[in-house]
Amino acid sequence: MKHWIEAARLRTLPLSVSGIIMGTFLAAEKGFVNITITVLALLTTVGFQVLSNFANDYGDGVKGTDNADRIGPKRTIQSGKISPKRMLNAMVITSVITAVVAVVLIYVAFGSENFVFSLTFFLLGIASIVAAIKYTVGSKAYGYSGLGDVFVLLFFGWLGVVGSYFLYTKELDWLVFLPATSIGFLSVGVLNLNNMRDVESDKKAKKNTLIVKASLSFGKIYHAILLLSAIYLSLLYTQLNYKTPFQLIFLIVAFPLGIHLWEVIKNNNPAELDPELKKLAISTFIFAVLFGLGLVL
């Protein structure tokens, strides 16, 4: 069991649920509250994240990308703790369970009278499962072509926040894309850190991430743009939707983010970036909570 918990990489879960938390608070500000939707949305997102982690373990493991040159924690296939066949079976089981929970979520949110909405979200759920698997699995894995950043923005940011907001409200507010993009940019920042940390091993494995295609120097500038843009877009939403000064409470997170950014910029050893992943993931989670509390309190 401990090997499966290790493969699930629980430290990634706070980041994955940040979009749902943000979308839930944005809906609550408009008076839409449904605990059942909240719980099911969180479970669905956790399912997608665990599936993604299993798939990354499998894809990078069978391709040999996870090897002795990798700086981060050893994955379970790489270390031999779990066989590729058992991991593949786990991916199938996780996909089925997550799909079932997603269907229940869609039914609770839309019932039987909103067929178009239900079908749209069902297709988005299928797309999420495919995206979770295809990041590293298969000959055309998009994570090996430098497209991981785009998909993280789409699924962690826009779909996570705007999608969950729509589950409650059944309406689309274009302003919601501002905080959604903030969550997306911070999530891309976590991926960027991962790619900077593993740049040398990724080069050898022909995993052409954005950092492999560009450089570490580019990665640092890119990282600064992501974090600063996330704060700016949140401030812009607050200005356009201003009610009380308490809405600015999320700026507390700017301090740890500033320290984190300085550590990344001055870094000369990619191996030392590994602890920064956890810091940014937790900061993103706290940002989502504080931003949401500023809206509803």
# chains A, B, ... in the order shown; residues from 1 in each chain; ligands from 1

$ select_by_dssp --residues "stretch 135-226 of chain A" --states "alpha helix (DSSP H)" --output "ChimeraX atom specification"
/A:148-152,164-169,177-197,199-204,210-213,216-226

$ write_last_selection --atoms "N, CA and C atoms" --output "short mmCIF file (atom, residue, chain, number, x, y, z; two decimals), in the first residue's frame"
data_model
loop_
_atom_site.label_atom_id
_atom_site.label_comp_id
_atom_site.auth_asym_id
_atom_site.auth_seq_id
_atom_site.Cartn_x
_atom_site.Cartn_y
_atom_site.Cartn_z
N GLY A 148 3.26 20.67 -22.45
CA GLY A 148 2.73 20.47 -21.10
C GLY A 148 2.21 21.75 -20.47
N ASP A 149 2.90 22.85 -20.70
CA ASP A 149 2.51 24.13 -20.11
C ASP A 149 1.11 24.55 -20.56
N VAL A 150 0.82 24.35 -21.85
CA VAL A 150 -0.48 24.73 -22.40
C VAL A 150 -1.59 23.91 -21.76
N PHE A 151 -1.36 22.61 -21.63
CA PHE A 151 -2.39 21.73 -21.07
C PHE A 151 -2.61 21.98 -19.59
N VAL A 152 -1.56 22.33 -18.86
CA VAL A 152 -1.72 22.66 -17.44
C VAL A 152 -2.57 23.91 -17.29
N SER A 164 -15.72 24.47 -12.68
CA SER A 164 -16.39 24.27 -11.38
C SER A 164 -17.37 25.40 -11.09
N TYR A 165 -17.01 26.62 -11.46
CA TYR A 165 -17.92 27.77 -11.30
C TYR A 165 -19.22 27.52 -12.07
N PHE A 166 -19.10 26.98 -13.28
CA PHE A 166 -20.27 26.73 -14.12
C PHE A 166 -21.15 25.62 -13.54
N LEU A 167 -20.54 24.64 -12.89
CA LEU A 167 -21.31 23.55 -12.28
C LEU A 167 -22.32 24.10 -11.27
N TYR A 168 -21.92 25.14 -10.55
CA TYR A 168 -22.81 25.75 -9.55
C TYR A 168 -23.81 26.72 -10.19
N THR A 169 -23.32 27.58 -11.06
CA THR A 169 -24.11 28.73 -11.51
C THR A 169 -24.87 28.48 -12.80
N PHE A 177 -12.36 34.24 -15.78
CA PHE A 177 -11.14 33.77 -16.43
C PHE A 177 -9.89 34.46 -15.87
N LEU A 178 -10.06 35.62 -15.23
CA LEU A 178 -8.90 36.30 -14.64
C LEU A 178 -8.30 35.49 -13.48
N PRO A 179 -9.06 35.19 -12.41
CA PRO A 179 -8.49 34.35 -11.35
C PRO A 179 -8.20 32.93 -11.84
N ALA A 180 -8.97 32.45 -12.82
CA ALA A 180 -8.70 31.12 -13.38
C ALA A 180 -7.32 31.07 -14.03
N THR A 181 -6.98 32.14 -14.74
CA THR A 181 -5.66 32.21 -15.37
C THR A 181 -4.57 32.34 -14.32
N SER A 182 -4.87 33.04 -13.20
CA SER A 182 -3.90 33.14 -12.11
C SER A 182 -3.56 31.74 -11.57
N ILE A 183 -4.59 30.94 -11.31
CA ILE A 183 -4.35 29.57 -10.84
C ILE A 183 -3.60 28.78 -11.90
N GLY A 184 -3.97 28.97 -13.16
CA GLY A 184 -3.30 28.28 -14.25
C GLY A 184 -1.83 28.63 -14.34
N PHE A 185 -1.51 29.92 -14.24
CA PHE A 185 -0.11 30.36 -14.32
C PHE A 185 0.72 29.81 -13.15
N LEU A 186 0.16 29.82 -11.95
CA LEU A 186 0.88 29.28 -10.80
C LEU A 186 1.11 27.78 -10.96
N SER A 187 0.13 27.09 -11.52
CA SER A 187 0.27 25.66 -11.77
C SER A 187 1.32 25.38 -12.84
N VAL A 188 1.34 26.21 -13.88
CA VAL A 188 2.37 26.09 -14.91
C VAL A 188 3.74 26.34 -14.28
N GLY A 189 3.78 27.24 -13.29
CA GLY A 189 5.03 27.51 -12.59
C GLY A 189 5.59 26.27 -11.92
N VAL A 190 4.71 25.44 -11.36
CA VAL A 190 5.16 24.19 -10.74
C VAL A 190 5.76 23.26 -11.80
N LEU A 191 5.09 23.15 -12.93
CA LEU A 191 5.62 22.33 -14.03
C LEU A 191 6.95 22.90 -14.52
N ASN A 192 7.04 24.22 -14.61
CA ASN A 192 8.28 24.85 -15.07
C ASN A 192 9.43 24.53 -14.13
N LEU A 193 9.16 24.56 -12.83
CA LEU A 193 10.20 24.19 -11.86
C LEU A 193 10.65 22.76 -12.06
N ASN A 194 9.68 21.88 -12.27
CA ASN A 194 9.98 20.47 -12.50
C ASN A 194 10.85 20.31 -13.74
N ASN A 195 10.53 21.05 -14.79
CA ASN A 195 11.29 20.96 -16.04
C ASN A 195 12.69 21.57 -15.90
N MET A 196 12.82 22.62 -15.11
CA MET A 196 14.15 23.19 -14.87
C MET A 196 15.00 22.23 -14.05
N ARG A 197 14.39 21.60 -13.06
CA ARG A 197 15.12 20.65 -12.22
C ARG A 197 15.65 19.47 -13.03
N VAL A 199 16.18 19.24 -16.37
CA VAL A 199 16.55 19.62 -17.73
C VAL A 199 17.63 18.70 -18.32
N GLU A 200 18.62 18.32 -17.54
CA GLU A 200 19.71 17.50 -18.08
C GLU A 200 19.26 16.08 -18.39
N SER A 201 18.52 15.47 -17.46
CA SER A 201 18.04 14.11 -17.70
C SER A 201 17.00 14.10 -18.82
N ASP A 202 16.19 15.17 -18.94
CA ASP A 202 15.21 15.24 -20.01
C ASP A 202 15.89 15.35 -21.38
N LYS A 203 17.00 16.08 -21.43
CA LYS A 203 17.75 16.19 -22.69
C LYS A 203 18.22 14.82 -23.15
N LYS A 204 18.78 14.05 -22.21
CA LYS A 204 19.30 12.73 -22.56
C LYS A 204 18.19 11.78 -22.99
N LEU A 210 9.70 22.64 -22.62
CA LEU A 210 9.97 24.02 -23.02
C LEU A 210 11.36 24.45 -22.58
N ILE A 211 11.82 23.99 -21.43
CA ILE A 211 13.15 24.36 -20.93
C ILE A 211 14.24 23.69 -21.75
N VAL A 212 14.02 22.45 -22.17
CA VAL A 212 14.99 21.77 -23.02
C VAL A 212 15.10 22.51 -24.35
N LYS A 213 13.97 22.95 -24.89
CA LYS A 213 13.97 23.66 -26.16
C LYS A 213 14.60 25.04 -26.04
N LEU A 216 17.80 27.21 -19.30
CA LEU A 216 17.51 27.49 -17.89
C LEU A 216 17.32 28.99 -17.66
N SER A 217 18.11 29.80 -18.35
CA SER A 217 17.97 31.26 -18.20
C SER A 217 16.58 31.71 -18.63
N PHE A 218 16.11 31.15 -19.74
CA PHE A 218 14.76 31.45 -20.19
C PHE A 218 13.75 31.00 -19.14
N GLY A 219 13.99 29.81 -18.56
CA GLY A 219 13.08 29.27 -17.55
C GLY A 219 12.90 30.20 -16.37
N LYS A 220 13.96 30.85 -15.95
CA LYS A 220 13.88 31.77 -14.81
C LYS A 220 13.05 33.01 -15.17
N ILE A 221 13.28 33.56 -16.35
CA ILE A 221 12.49 34.72 -16.79
C ILE A 221 11.02 34.33 -16.94
N TYR A 222 10.80 33.18 -17.55
CA TYR A 222 9.46 32.65 -17.75
C TYR A 222 8.75 32.46 -16.41
N HIS A 223 9.49 31.96 -15.43
CA HIS A 223 8.93 31.73 -14.10
C HIS A 223 8.49 33.04 -13.46
N ALA A 224 9.33 34.05 -13.59
CA ALA A 224 8.99 35.37 -13.03
C ALA A 224 7.74 35.94 -13.70
N ILE A 225 7.64 35.79 -15.02
CA ILE A 225 6.46 36.28 -15.75
C ILE A 225 5.20 35.57 -15.28
N LEU A 226 5.28 34.26 -15.08
CA LEU A 226 4.12 33.48 -14.64
C LEU A 226 3.62 33.95 -13.28
#

$ residues_around --residues "A:Thr24" --least-positions-apart "3" --cutoff "10 Å" --atoms "only C-alpha atoms" --output "ChimeraX atom specification"
/A:18-21,27-29,32-35,37-38,41,160-169,292

$ residues_around --residues "stretch 79-91 of chain A" --least-positions-apart "3" --cutoff "7 Å" --atoms "only C-alpha atoms" --output "JSON, numbers by chain"
{"A": [3, 51, 54, 55, 58, 74, 75, 76, 94, 95]}

$ write_last_selection --atoms "N, CA and C atoms" --output "PDB file, in the first residue's frame"
ATOM      1  N   HIS A   3       3.637   1.763  -1.369  1.00  0.00           N
ATOM      2  CA  HIS A   3       4.184   2.042  -2.698  1.00  0.00           C
ATOM      3  C   HIS A   3       3.146   2.720  -3.589  1.00  0.00           C
ATOM      4  N   LEU A  51      -4.560   9.734 -11.394  1.00  0.00           N
ATOM      5  CA  LEU A  51      -4.400   9.079 -12.687  1.00  0.00           C
ATOM      6  C   LEU A  51      -3.217   9.665 -13.437  1.00  0.00           C
ATOM      7  N   PHE A  54      -0.008   8.392 -11.844  1.00  0.00           N
ATOM      8  CA  PHE A  54       0.229   7.003 -12.238  1.00  0.00           C
ATOM      9  C   PHE A  54       0.746   6.948 -13.676  1.00  0.00           C
ATOM     10  N   ALA A  55       0.105   7.727 -14.563  1.00  0.00           N
ATOM     11  CA  ALA A  55       0.476   7.721 -15.982  1.00  0.00           C
ATOM     12  C   ALA A  55       1.885   8.260 -16.183  1.00  0.00           C
ATOM     13  N   TYR A  58       4.271   5.621 -15.132  1.00  0.00           N
ATOM     14  CA  TYR A  58       4.308   4.567 -16.150  1.00  0.00           C
ATOM     15  C   TYR A  58       5.028   5.031 -17.421  1.00  0.00           C
ATOM     16  N   LYS A  74      12.737   9.159  -6.621  1.00  0.00           N
ATOM     17  CA  LYS A  74      12.586   8.003  -7.498  1.00  0.00           C
ATOM     18  C   LYS A  74      11.127   7.591  -7.583  1.00  0.00           C
ATOM     19  N   ARG A  75      10.678   7.299  -8.794  1.00  0.00           N
ATOM     20  CA  ARG A  75       9.325   6.825  -8.988  1.00  0.00           C
ATOM     21  C   ARG A  75       9.273   5.314  -8.842  1.00  0.00           C
ATOM     22  N   THR A  76       8.059   4.792  -8.730  1.00  0.00           N
ATOM     23  CA  THR A  76       7.904   3.392  -8.330  1.00  0.00           C
ATOM     24  C   THR A  76       8.302   2.404  -9.425  1.00  0.00           C
ATOM     25  N   THR A  94      -8.364   3.426 -11.961  1.00  0.00           N
ATOM     26  CA  THR A  94      -8.519   4.829 -11.550  1.00  0.00           C
ATOM     27  C   THR A  94      -9.346   5.599 -12.560  1.00  0.00           C
ATOM     28  N   SER A  95      -9.151   5.313 -13.856  1.00  0.00           N
ATOM     29  CA  SER A  95      -9.937   5.983 -14.903  1.00  0.00           C
ATOM     30  C   SER A  95     -11.417   5.667 -14.755  1.00  0.00           C
TER      31      SER A  95
END

$ atom_distance --atom1 "atom CA of A:Leu273" --atom2 "atom CA of A:Ser139"
28.9 Å

$ residues_around --residues "stretch 123-127 of chain A" --least-positions-apart "5" --cutoff "12 Å" --atoms "only C-alpha atoms" --output "number ranges by chain"
A: 41, 44-45, 47-48, 95-96, 98-106, 116-118, 132-134, 151, 154-155, 158-160, 163-164

$ write_last_selection --atoms "C-alpha atoms" --output "PDB file, in the first residue's frame"
ATOM      1  CA  ALA A  41     -15.825  18.008  -7.780  1.00  0.00           C
ATOM      2  CA  THR A  44     -13.151  13.983  -9.403  1.00  0.00           C
ATOM      3  CA  THR A  45     -10.167  16.321  -9.511  1.00  0.00           C
ATOM      4  CA  GLY A  47      -8.998  11.173  -9.290  1.00  0.00           C
ATOM      5  CA  PHE A  48      -7.680  12.956 -12.381  1.00  0.00           C
ATOM      6  CA  SER A  95      -9.937   5.983 -14.903  1.00  0.00           C
ATOM      7  CA  VAL A  96     -13.134   3.989 -14.394  1.00  0.00           C
ATOM      8  CA  THR A  98     -12.977   8.777 -11.691  1.00  0.00           C
ATOM      9  CA  ALA A  99     -15.319   8.579 -14.677  1.00  0.00           C
ATOM     10  CA  VAL A 100     -18.108   7.199 -12.484  1.00  0.00           C
ATOM     11  CA  VAL A 101     -17.653   9.974  -9.916  1.00  0.00           C
ATOM     12  CA  ALA A 102     -17.589  12.539 -12.728  1.00  0.00           C
ATOM     13  CA  VAL A 103     -20.873  11.206 -14.147  1.00  0.00           C
ATOM     14  CA  VAL A 104     -22.494  11.459 -10.708  1.00  0.00           C
ATOM     15  CA  LEU A 105     -21.164  15.013 -10.385  1.00  0.00           C
ATOM     16  CA  ILE A 106     -22.614  15.961 -13.772  1.00  0.00           C
ATOM     17  CA  VAL A 116     -26.323  19.886 -23.630  1.00  0.00           C
ATOM     18  CA  PHE A 117     -24.523  20.924 -20.437  1.00  0.00           C
ATOM     19  CA  SER A 118     -24.304  17.298 -19.291  1.00  0.00           C
ATOM     20  CA  ALA A 132      -3.844  12.881 -17.898  1.00  0.00           C
ATOM     21  CA  ILE A 133      -2.627   9.750 -19.673  1.00  0.00           C
ATOM     22  CA  LYS A 134      -1.165  11.260 -22.851  1.00  0.00           C
ATOM     23  CA  PHE A 151      -2.392  21.733 -21.074  1.00  0.00           C
ATOM     24  CA  LEU A 154      -6.180  24.647 -19.788  1.00  0.00           C
ATOM     25  CA  PHE A 155      -7.012  21.935 -17.259  1.00  0.00           C
ATOM     26  CA  TRP A 158      -9.498  27.387 -17.013  1.00  0.00           C
ATOM     27  CA  LEU A 159     -11.330  24.068 -16.762  1.00  0.00           C
ATOM     28  CA  GLY A 160     -10.700  23.714 -13.016  1.00  0.00           C
ATOM     29  CA  GLY A 163     -15.678  24.630 -15.098  1.00  0.00           C
ATOM     30  CA  SER A 164     -16.388  24.265 -11.383  1.00  0.00           C
TER      31      SER A 164
END

$ atom_distance --atom1 "atom CA of A:Val50" --atom2 "atom CA of A:Lys170"
27.7 Å

$ residues_around --residues "stretch 8-17 of chain A" --least-positions-apart "6" --cutoff "6 Å" --atoms "only C-alpha atoms" --output "ChimeraX atom specification"
/A:50,53,281,285

$ write_last_selection --atoms "C-alpha atoms" --output "PDB file, in the first residue's frame"
ATOM      1  CA  VAL A  50      -3.807  10.486  -9.187  1.00  0.00           C
ATOM      2  CA  ASN A  53       0.637  10.720 -11.501  1.00  0.00           C
ATOM      3  CA  ALA A 281       2.213  24.174  -4.798  1.00  0.00           C
ATOM      4  CA  PHE A 285      -3.402  26.347  -2.513  1.00  0.00           C
TER       5      PHE A 285
END

$ residues_around --residues "A:Leu147" --least-positions-apart "6" --cutoff "10 Å" --atoms "only C-alpha atoms" --output "compact mmCIF listing (two decimals) with C-alpha atoms, in the first residue's frame"
# COMPACT_ATOMS: atom_id res chain seq x y z
CA TYR A 135 1.21 13.62 -21.04
CA ALA A 141 3.00 12.15 -25.64
CA ASN A 208 11.70 18.11 -25.26
CA THR A 209 10.11 20.26 -22.59
CA LEU A 210 9.97 24.02 -23.02

$ residues_around --residues "A:Pro256" --least-positions-apart "6" --cutoff "12 Å" --atoms "only C-alpha atoms" --output "tab-separated table (two decimals) with N, CA and C atoms, in the first residue's frame"
chain	number	residue	atom	x	y	z
A	227	LEU	N	4.53	34.09	-12.32
A	227	LEU	CA	4.14	34.46	-10.96
A	227	LEU	C	3.63	35.89	-10.88
A	250	PHE	N	-5.42	38.07	-0.16
A	250	PHE	CA	-4.61	37.10	-0.90
A	250	PHE	C	-3.18	37.59	-1.13
A	262	TRP	N	12.95	34.64	-5.77
A	262	TRP	CA	14.35	35.01	-5.60
A	262	TRP	C	15.24	33.77	-5.54
A	263	GLU	N	14.77	32.72	-4.85
A	263	GLU	CA	15.53	31.47	-4.76
A	263	GLU	C	15.70	30.85	-6.14
A	276	GLU	N	11.50	23.73	-3.93
A	276	GLU	CA	10.69	24.86	-4.35
A	276	GLU	C	9.35	24.43	-4.97
A	279	LYS	N	6.88	24.27	-2.18
A	279	LYS	CA	6.58	25.63	-1.69
A	279	LYS	C	5.58	26.33	-2.61
A	280	LEU	N	5.79	26.21	-3.92
A	280	LEU	CA	4.90	26.88	-4.87
A	280	LEU	C	3.53	26.21	-4.89
A	281	ALA	N	3.49	24.89	-4.80
A	281	ALA	CA	2.21	24.17	-4.80
A	281	ALA	C	1.37	24.57	-3.59
A	282	ILE	N	2.00	24.62	-2.42
A	282	ILE	CA	1.28	25.00	-1.19
A	282	ILE	C	0.87	26.47	-1.25
A	283	SER	N	1.75	27.32	-1.79
A	283	SER	CA	1.42	28.74	-1.91
A	283	SER	C	0.23	28.94	-2.83
A	284	THR	N	0.13	28.14	-3.88
A	284	THR	CA	-1.02	28.23	-4.80
A	284	THR	C	-2.30	27.84	-4.08
A	286	ILE	N	-2.89	28.02	-0.81
A	286	ILE	CA	-3.21	29.08	0.16
A	286	ILE	C	-3.75	30.31	-0.57
A	287	PHE	N	-3.17	30.62	-1.71
A	287	PHE	CA	-3.66	31.75	-2.53
A	287	PHE	C	-5.13	31.56	-2.88

$ atom_distance --atom1 "atom CA of A:Gly138" --atom2 "atom CA of A:Ala205"
14.4 Å
